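*Asks:* My structure is in target-v2.txt, and what it holds is compact mmCIF, C-alpha atoms:
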```txt
# COMPACT_ATOMS: atom_id res chain seq x y z
CA MET A 1 -19.63 3.12 -12.34
CA LEU A 2 -17.06 0.36 -11.88
CA SER A 3 -13.58 0.39 -13.37
CA LEU A 4 -11.23 -2.52 -12.85
CA LYS A 5 -7.50 -3.12 -12.92
CA LYS A 6 -5.87 -6.54 -12.73
CA TYR A 7 -2.38 -6.70 -11.27
CA LYS A 8 -1.38 -10.36 -10.92
CA ASP A 9 -2.54 -13.94 -11.30
CA PHE A 10 -4.40 -15.48 -8.39
CA ALA A 11 -2.59 -18.78 -7.79
CA GLY A 12 -0.29 -19.61 -4.89
CA TYR A 13 -1.93 -17.63 -2.08
CA SER A 14 -3.02 -19.13 1.24
CA HIS A 15 -6.21 -17.06 1.27
CA LEU A 16 -7.77 -13.86 -0.04
CA VAL A 17 -9.03 -10.72 1.71
CA LEU A 18 -10.83 -7.57 0.60
CA GLY A 19 -9.54 -4.08 1.32
CA GLY A 20 -11.49 -0.88 0.79
CA ASP A 21 -10.60 2.81 0.71
CA ILE A 22 -13.76 4.91 0.97
CA GLY A 23 -13.28 8.62 0.39
CA GLY A 24 -15.49 11.58 -0.31
CA THR A 25 -14.83 11.37 -4.05
CA ASN A 26 -13.72 7.81 -4.82
CA THR A 27 -14.35 4.37 -3.40
CA SER A 28 -11.68 1.77 -4.21
CA LEU A 29 -11.87 -1.94 -3.40
CA GLY A 30 -9.06 -4.44 -3.80
CA ILE A 31 -8.70 -8.19 -3.51
CA PHE A 32 -5.42 -9.14 -1.84
CA GLY A 33 -3.63 -12.46 -1.83
CA ILE A 34 -1.91 -13.48 1.40
CA LYS A 35 1.45 -15.19 0.99
CA SER A 36 4.26 -15.52 3.55
CA LYS A 37 2.44 -13.06 5.83
CA LYS A 38 2.42 -10.44 3.08
CA ALA A 39 -0.62 -8.94 1.36
CA GLU A 40 -0.37 -8.46 -2.40
CA LEU A 41 -2.92 -6.49 -4.40
CA LEU A 42 -4.28 -8.74 -7.15
CA VAL A 43 -7.21 -6.81 -8.61
CA SER A 44 -8.83 -3.48 -7.82
CA PHE A 45 -12.27 -1.97 -8.43
CA HIS A 46 -13.01 1.75 -8.52
CA PHE A 47 -16.29 3.62 -8.03
CA ARG A 48 -17.42 7.22 -7.70
CA SER A 49 -18.64 7.58 -4.12
CA ASN A 50 -21.50 9.93 -4.97
CA GLU A 51 -22.85 7.43 -7.52
CA LEU A 52 -23.34 4.78 -4.81
CA ASN A 53 -26.31 4.50 -2.45
CA GLY A 54 -24.26 2.51 0.04
CA LEU A 55 -20.98 0.63 0.32
CA HIS A 56 -22.67 -2.78 0.10
CA TYR A 57 -23.61 -2.11 -3.53
CA ALA A 58 -19.94 -1.68 -4.47
CA VAL A 59 -18.84 -4.67 -2.38
CA ASN A 60 -21.43 -7.00 -3.92
CA GLU A 61 -20.66 -5.84 -7.45
CA ALA A 62 -16.92 -6.36 -6.97
CA LEU A 63 -17.24 -9.75 -5.24
CA GLU A 64 -19.73 -11.00 -7.82
CA TYR A 65 -17.45 -9.91 -10.66
CA ALA A 66 -14.48 -11.64 -9.03
CA ARG A 67 -16.52 -14.81 -8.45
CA LYS A 68 -17.88 -15.02 -12.01
CA ASN A 69 -14.71 -14.05 -13.87
CA TYR A 70 -11.93 -15.42 -11.66
CA ASP A 71 -13.69 -17.92 -9.37
CA LEU A 72 -12.52 -15.94 -6.33
CA LYS A 73 -14.28 -16.19 -2.98
CA VAL A 74 -13.60 -13.65 -0.22
CA SER A 75 -15.09 -13.61 3.29
CA LYS A 76 -12.89 -11.14 5.22
CA ALA A 77 -12.50 -7.41 4.68
CA CYS A 78 -11.13 -4.20 6.11
CA PHE A 79 -12.61 -0.85 5.08
CA ALA A 80 -10.79 2.43 5.53
CA VAL A 81 -13.31 5.26 5.70
CA ALA A 82 -12.97 9.04 5.60
CA GLY A 83 -15.15 9.69 8.62
CA LEU A 84 -15.48 9.51 12.39
CA LEU A 85 -15.32 5.95 13.71
CA SER A 86 -17.59 5.01 16.63
CA PRO A 87 -15.92 3.89 19.89
CA ASP A 88 -16.90 0.26 19.23
CA LYS A 89 -15.57 0.58 15.64
CA GLY A 90 -18.90 -0.67 14.32
CA ILE A 91 -19.85 2.34 12.22
CA SER A 92 -18.11 5.24 10.53
CA LYS A 93 -20.01 8.50 10.05
CA THR A 94 -18.71 9.77 6.74
CA THR A 95 -18.09 13.51 6.45
CA ASN A 96 -18.32 14.02 2.68
CA VAL A 97 -20.57 11.15 1.48
CA LYS A 98 -24.36 10.82 1.84
CA TRP A 99 -24.17 7.30 3.34
CA ASP A 100 -22.38 5.84 6.38
CA VAL A 101 -20.41 2.61 6.66
CA SER A 102 -21.84 0.06 9.10
CA LYS A 103 -20.24 -3.27 9.96
CA LYS A 104 -23.65 -4.75 10.84
CA GLU A 105 -25.19 -3.64 7.55
CA LEU A 106 -22.29 -5.00 5.51
CA LEU A 107 -22.46 -8.37 7.29
CA ASN A 108 -26.19 -8.54 6.56
CA LYS A 109 -26.10 -7.38 2.93
CA THR A 110 -22.88 -8.93 1.57
CA PRO A 111 -21.25 -12.42 1.60
CA LEU A 112 -18.57 -11.12 3.98
CA LYS A 113 -18.23 -12.94 7.33
CA LYS A 114 -15.62 -10.87 9.15
CA ILE A 115 -15.12 -7.12 8.84
CA CYS A 116 -13.12 -4.37 10.47
CA ILE A 117 -13.49 -0.62 9.89
CA ILE A 118 -10.64 1.85 10.31
CA ASN A 119 -10.04 5.53 9.60
CA ASP A 120 -8.78 6.34 6.10
CA PHE A 121 -5.52 7.81 7.38
CA GLU A 122 -4.95 4.84 9.67
CA ALA A 123 -4.96 2.85 6.44
CA ILE A 124 -2.41 5.15 4.81
CA GLY A 125 -0.26 4.64 7.90
CA TYR A 126 -0.44 0.88 7.42
CA GLY A 127 0.14 1.38 3.71
CA LEU A 128 3.53 3.02 4.25
CA SER A 129 4.93 -0.36 5.26
CA MET A 130 3.90 -1.72 1.85
CA LEU A 131 5.29 1.18 -0.16
CA GLY A 132 8.87 1.11 1.05
CA ASN A 133 10.80 3.70 -0.97
CA LYS A 134 8.53 3.25 -3.97
CA GLY A 135 6.04 6.01 -4.59
CA ILE A 136 7.78 8.34 -2.11
CA LYS A 137 9.40 11.68 -2.97
CA VAL A 138 11.73 13.53 -0.57
CA ILE A 139 10.64 17.09 0.14
CA LYS A 140 13.00 17.86 3.00
CA LYS A 141 16.11 15.83 3.72
CA ALA A 142 16.95 14.80 7.28
CA LYS A 143 17.94 11.58 9.02
CA LYS A 144 15.07 9.51 10.38
CA VAL A 145 15.21 8.41 13.99
CA ASP A 146 14.56 4.67 14.18
CA LYS A 147 11.26 3.73 15.88
CA ALA A 148 10.36 7.40 16.47
CA PRO A 149 6.82 8.68 15.84
CA ILE A 150 5.77 9.23 12.22
CA LEU A 151 3.19 11.80 11.11
CA VAL A 152 0.94 11.31 8.07
CA ILE A 153 -1.26 14.17 6.85
CA GLY A 154 -3.11 14.82 3.62
CA ALA A 155 -5.58 17.15 1.93
CA GLY A 156 -8.06 15.85 -0.61
CA THR A 157 -11.85 15.94 -0.51
CA GLY A 158 -11.27 16.39 3.24
CA LEU A 159 -8.21 16.71 5.48
CA GLY A 160 -6.74 13.73 7.32
CA LYS A 161 -4.04 12.96 9.85
CA THR A 162 -2.63 9.98 11.73
CA THR A 163 0.35 9.42 14.01
CA LEU A 164 2.24 6.14 13.83
CA ILE A 165 3.62 4.90 17.16
CA TYR A 166 6.12 2.05 17.29
CA ASP A 167 4.91 -0.95 19.30
CA ARG A 168 7.87 -2.81 20.78
CA ASN A 169 5.79 -5.93 21.44
CA SER A 170 4.68 -6.43 17.84
CA LYS A 171 7.83 -4.72 16.50
CA SER A 172 5.75 -2.67 14.10
CA TYR A 173 4.14 0.74 13.80
CA VAL A 174 0.53 1.24 14.87
CA PRO A 175 -1.44 4.21 13.42
CA MET A 176 -3.68 6.23 15.73
CA PRO A 177 -7.06 7.50 14.44
CA SER A 178 -7.57 11.25 14.37
CA GLU A 179 -9.97 13.98 13.28
CA ALA A 180 -7.36 16.75 13.33
CA GLY A 181 -8.75 18.13 10.09
CA HIS A 182 -11.71 19.42 12.11
CA THR A 183 -9.57 21.30 14.64
CA ASP A 184 -9.76 25.10 14.63
CA PHE A 185 -7.87 26.92 11.89
CA ALA A 186 -5.14 28.94 13.65
CA ALA A 187 -5.05 32.23 11.71
CA GLN A 188 -1.88 34.23 12.38
CA THR A 189 -1.61 37.00 9.78
CA GLN A 190 -4.14 39.70 8.93
CA MET A 191 -4.76 37.98 5.59
CA GLU A 192 -5.52 34.68 7.32
CA MET A 193 -7.87 36.41 9.75
CA ASP A 194 -9.65 38.08 6.83
CA LEU A 195 -9.82 34.71 5.08
CA ALA A 196 -11.34 33.05 8.16
CA SER A 197 -13.93 35.84 8.48
CA PHE A 198 -14.82 35.54 4.80
CA ILE A 199 -15.28 31.76 5.01
CA LYS A 200 -17.54 32.10 8.07
CA LYS A 201 -19.80 34.47 6.12
CA TYR A 202 -19.49 32.64 2.79
CA LYS A 203 -20.27 29.21 4.32
CA LYS A 204 -22.57 30.59 7.05
CA ILE A 205 -20.51 29.02 9.84
CA ARG A 206 -21.23 30.34 13.33
CA GLN A 207 -18.43 28.50 15.10
CA ALA A 208 -14.71 28.75 14.42
CA ILE A 209 -13.77 27.38 11.00
CA SER A 210 -11.71 24.20 10.82
CA TYR A 211 -8.46 23.49 8.99
CA GLU A 212 -10.47 21.42 6.52
CA GLN A 213 -12.17 24.63 5.36
CA VAL A 214 -8.81 25.85 4.01
CA LEU A 215 -6.89 22.60 3.38
CA SER A 216 -9.04 20.47 1.07
CA GLY A 217 -10.74 20.68 -2.30
CA GLN A 218 -13.39 22.87 -0.70
CA GLY A 219 -10.58 24.83 0.93
CA LEU A 220 -9.17 25.69 -2.50
CA ILE A 221 -12.60 26.95 -3.54
CA ASN A 222 -12.91 29.00 -0.32
CA ILE A 223 -9.52 30.65 -0.81
CA TYR A 224 -10.22 31.27 -4.50
CA MET A 225 -13.57 32.93 -3.73
CA PHE A 226 -11.93 35.03 -1.01
CA LEU A 227 -9.51 36.37 -3.61
CA ARG A 228 -12.20 36.84 -6.26
CA LYS A 229 -14.37 38.85 -3.86
CA SER A 230 -11.41 40.97 -2.72
CA GLY A 231 -11.37 42.82 -6.04
CA LYS A 232 -7.57 42.68 -6.17
CA PHE A 233 -7.45 40.33 -9.17
CA LYS A 234 -8.86 41.00 -12.63
CA GLU A 235 -11.53 38.76 -14.05
CA THR A 236 -10.23 36.62 -16.91
CA MET A 237 -11.63 34.07 -19.32
CA LEU A 238 -10.23 31.41 -17.00
CA THR A 239 -11.86 32.79 -13.85
CA LYS A 240 -15.16 33.05 -15.75
CA GLU A 241 -14.89 29.34 -16.53
CA ILE A 242 -14.05 28.48 -12.91
CA ASP A 243 -16.85 30.66 -11.51
CA ILE A 244 -19.48 28.64 -13.37
CA SER A 245 -18.68 25.29 -11.72
CA LEU A 246 -16.35 26.18 -8.82
CA LYS A 247 -14.39 22.94 -9.13
CA PRO A 248 -10.99 22.67 -7.40
CA GLU A 249 -9.74 20.70 -10.42
CA LEU A 250 -10.03 23.85 -12.55
CA ILE A 251 -8.21 25.98 -9.96
CA SER A 252 -5.43 23.38 -10.11
CA LYS A 253 -5.51 23.25 -13.90
CA TYR A 254 -4.94 27.00 -14.22
CA ARG A 255 -2.64 27.45 -11.21
CA LYS A 256 0.33 28.35 -13.44
CA THR A 257 -1.47 30.56 -15.96
CA ASP A 258 -4.06 32.53 -13.96
CA LYS A 259 -3.00 34.98 -11.23
CA THR A 260 -5.99 34.27 -8.99
CA CYS A 261 -5.38 30.51 -9.14
CA LYS A 262 -1.65 31.01 -8.60
CA GLU A 263 -2.27 33.11 -5.49
CA THR A 264 -4.85 30.57 -4.27
CA PHE A 265 -2.20 27.87 -4.28
CA ARG A 266 0.41 30.15 -2.68
CA ILE A 267 -1.92 30.74 0.29
CA PHE A 268 -2.87 27.06 0.35
CA LYS A 269 0.83 26.07 0.43
CA ARG A 270 1.67 28.39 3.33
CA ILE A 271 -1.23 27.12 5.44
CA TYR A 272 -0.34 23.51 4.55
CA ALA A 273 3.24 24.03 5.76
CA LYS A 274 2.02 25.48 9.06
CA PHE A 275 -0.42 22.62 9.58
CA ALA A 276 2.40 20.10 8.95
CA ARG A 277 4.68 22.00 11.34
CA ASN A 278 2.09 22.15 14.14
CA PHE A 279 1.43 18.42 14.15
CA ALA A 280 5.09 17.50 13.63
CA LEU A 281 5.72 19.31 16.91
CA ASP A 282 2.61 17.77 18.45
CA CYS A 283 3.95 14.22 18.10
CA LEU A 284 7.69 15.00 17.71
CA ALA A 285 7.78 13.24 14.33
CA TRP A 286 11.47 12.35 14.29
CA GLY A 287 10.49 9.39 12.10
CA GLY A 288 9.32 11.76 9.38
CA VAL A 289 6.30 13.60 8.06
CA TYR A 290 4.51 11.98 5.11
CA ILE A 291 2.14 14.09 3.03
CA ALA A 292 -0.57 12.07 1.27
CA GLY A 293 -4.05 12.91 -0.01
CA GLY A 294 -5.39 13.57 -3.49
CA ILE A 295 -4.18 17.16 -3.94
CA ALA A 296 -0.46 16.73 -3.23
CA PRO A 297 0.59 14.38 -6.09
CA LYS A 298 -1.22 16.54 -8.66
CA ASN A 299 0.39 19.78 -7.48
CA MET A 300 3.86 18.70 -6.39
CA GLU A 301 5.53 22.02 -7.14
CA ILE A 302 3.92 23.65 -4.07
CA PHE A 303 6.22 21.60 -1.85
CA ASP A 304 9.14 23.87 -2.61
CA ARG A 305 11.78 25.80 -0.67
CA GLU A 306 9.18 28.19 0.73
CA PHE A 307 7.13 25.26 2.04
CA VAL A 308 10.22 23.80 3.75
CA LYS A 309 11.18 27.22 5.16
CA ILE A 310 7.76 27.80 6.68
CA PHE A 311 7.62 24.23 8.00
CA SER A 312 10.97 24.76 9.78
CA GLN A 313 10.06 28.08 11.43
CA SER A 314 9.43 28.07 15.18
CA HIS A 315 10.13 30.66 17.86
CA LYS A 316 11.85 28.10 20.10
CA LEU A 317 12.02 24.76 18.27
CA GLY A 318 13.21 25.59 14.77
CA TYR A 319 16.34 23.52 15.38
CA ALA A 320 14.18 20.48 16.17
CA LEU A 321 12.04 20.90 13.04
CA GLY A 322 15.24 21.08 11.02
CA LYS A 323 15.88 17.45 11.98
CA VAL A 324 12.48 16.20 10.75
CA PRO A 325 12.43 14.69 7.22
CA VAL A 326 9.40 15.39 5.04
CA TYR A 327 8.15 13.12 2.24
CA LEU A 328 5.44 13.21 -0.40
CA VAL A 329 3.37 10.04 -0.92
CA LEU A 330 2.89 9.69 -4.68
CA ASN A 331 1.16 6.29 -4.68
CA ARG A 332 -2.56 7.02 -4.69
CA ASN A 333 -3.32 3.44 -3.65
CA ALA A 334 -1.61 3.87 -0.26
CA GLY A 335 -4.92 3.76 1.65
CA LEU A 336 -6.17 0.74 -0.28
CA LEU A 337 -2.87 -1.07 0.32
CA GLY A 338 -3.10 -0.26 4.02
CA ALA A 339 -6.64 -1.65 4.24
CA GLY A 340 -5.45 -4.87 2.61
CA PHE A 341 -2.50 -5.02 5.01
CA ARG A 342 -4.84 -4.66 8.00
CA ALA A 343 -7.35 -7.19 6.64
CA LYS A 344 -4.77 -9.98 6.72
CA PHE A 345 -4.84 -9.91 10.54
CA LEU A 346 -8.57 -10.73 10.75
CA GLN A 347 -9.12 -14.06 12.48
```
The structure given in the file should be rewritten as structure tokens.
*Replies:*
Amino acid sequence: MLSLKKYKDFAGYSHLVLGGDIGGTNTSLGIFGIKSKKAELLVSFHFRSNELNGLHYAVNEALEYARKNYDLKVSKACFAVAGLLSPDKGISKTTNVKWDVSKKELLNKTPLKKICIINDFEAIGYGLSMLGNKGIKVIKKAKKVDKAPILVIGAGTGLGKTTLIYDRNSKSYVPMPSEAGHTDFAAQTQMEMDLASFIKKYKKIRQAISYEQVLSGQGLINIYMFLRKSGKFKETMLTKEIDISLKPELISKYRKTDKTCKETFRIFKRIYAKFARNFALDCLAWGGVYIAGGIAPKNMEIFDREFVKIFSQSHKLGYALGKVPVYLVLNRNAGLLGAGFRAKFLQ
């Protein structure tokens, strides 16, 4: 199903490009106007990823709609995909969608002439330059170090991460692709070890479980089921409702009224803070840590004093973490904006 939002008129732009943000739940496409080396979002199209049989269907529907209704013609595009990108950047193997994204297929099945594919969190990294201070909430105050590395992480359908490195030649930040969400979950407490053991049995995983199994929509379900099976929390009318569908949206909905949901988010928050801390140290993110993804803006209260305290804890480098600012990305179009920003460089 397509939903559309028009932002601006289409006159006065040197040319147009298409940006795409392809996630496990939603696929968003946007037509951007290029003016004075800046990309401005003019109109966006939104689809449910699991209702598509391939990205080309969404692209053709959006381009045809734009052509018929606005007389817009677009030949260049950048697609940000939640999945592993091949070394030649020709195909992205999606992790939570039934179809992959192929540059060759898109060139053959759409009117597009030039295409680039990037990781979804690379796009969010590019998107930060378009957000400025808008759509950003401060979680932990500290002074940024100019041109220092920046970390972007985010839990949603999956778990993503990118590191932005400043390029002195181009005088801009360049995001590095990553699949850190699939690194091993580092359990520290007895509860976390019990949780990891439960998930391995519950999901029938033989190898070590990844961070994505605890920090994502599925992660919320895994933690919730761990608590439900523990027998430590009483069954309620709310848990009965959740047990039928096992949707993370319901766990979020009842996080303030149901004890099981509340404890699910408390565990989720503590693991999230540790994940942020680990990768802030990994890249020495003096330029700041930005938390994006679909879960964070809907559950902002978890980024509280306890989150900041856990983030700042380190046996030897707590003083260094104290100097790292942490921000919450509220603009859910950050990835789409980043894809549009990257598309303007296509020659």
*Asks:* Mind giving me the axis-aligned box for stretch 308-312 of chain A with 8 Å on every side, centre plus edges in Å to one decimal, as JSON?
*Replies:*
```
{"center_x": 9.4, "center_y": 25.8, "center_z": 6.8, "size_x": 19.6, "size_y": 20.0, "size_z": 22.0}
```
*Asks:* Using all atoms listed in the file, which of A:Asp282, A:Asp100, A:Glu306, A:Glu263 sits nearest A:His56?
*Replies:* A:Asp100
*Asks:* Which is closest to A:Tyr327 among A:Ala285, A:Ile291, A:Val214, A:Ala82, if we use all atoms listed in the file?
*Replies:*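 Closest candidate: A:Ile291.
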*Asks:* If we count only C-alpha atoms, what is near A:Ala11 at a cut-off of 12 Å, once residues fewer than 4 positions away on the same chain are taken out, given as number ranges by chain?
*Replies:* A: 15-16, 32-35, 40, 42, 70-72
*Asks:* When you count all atoms listed in the file, which of these residues is closest to A:Lys240: A:Phe345, A:Trp286, A:Tyr254, A:Tyr65?
*Replies:* A:Tyr254
*Asks:* Restricting the calculation to all atoms listed in the file, which member of A:Tyr211, A:Phe47, A:Tyr319, A:Phe268 is positioned closest to A:Phe303?
*Replies:*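 Checking each candidate against A:Phe303, we get A:Phe268 as the closest.
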*Asks:* Tell me, in Å to one decimal, how far atom CA of A:Lys229 is from atom CA of A:Gly156.
*Replies:* 24.1 Å
*Asks:* Excluding A:Asp167 and any residue of its chain fewer than 3 positions from it, enumerate the residues within 12 Å of it, using all atoms listed in the file, and give them as JSON, numbers by chain.
*Replies:* {"A": [147, 148, 149, 164, 170, 171, 172, 173, 174, 175, 176]}
*Asks:* Using all atoms listed in the file, find the one residue out of A:His46, A:Phe341, A:Gln207, A:Glu192 that sits nearest to A:Cys116.
*Replies:* A:Phe341
*Asks:* Could you give me, as a ChimeraX atom specification, the residues within 9 Å of A:Leu250, counting only C-alpha atoms and dropping anything in the same chain fewer than 4 positions from it?
*Replies:* /A:238,241-242,245-246,254-255,261
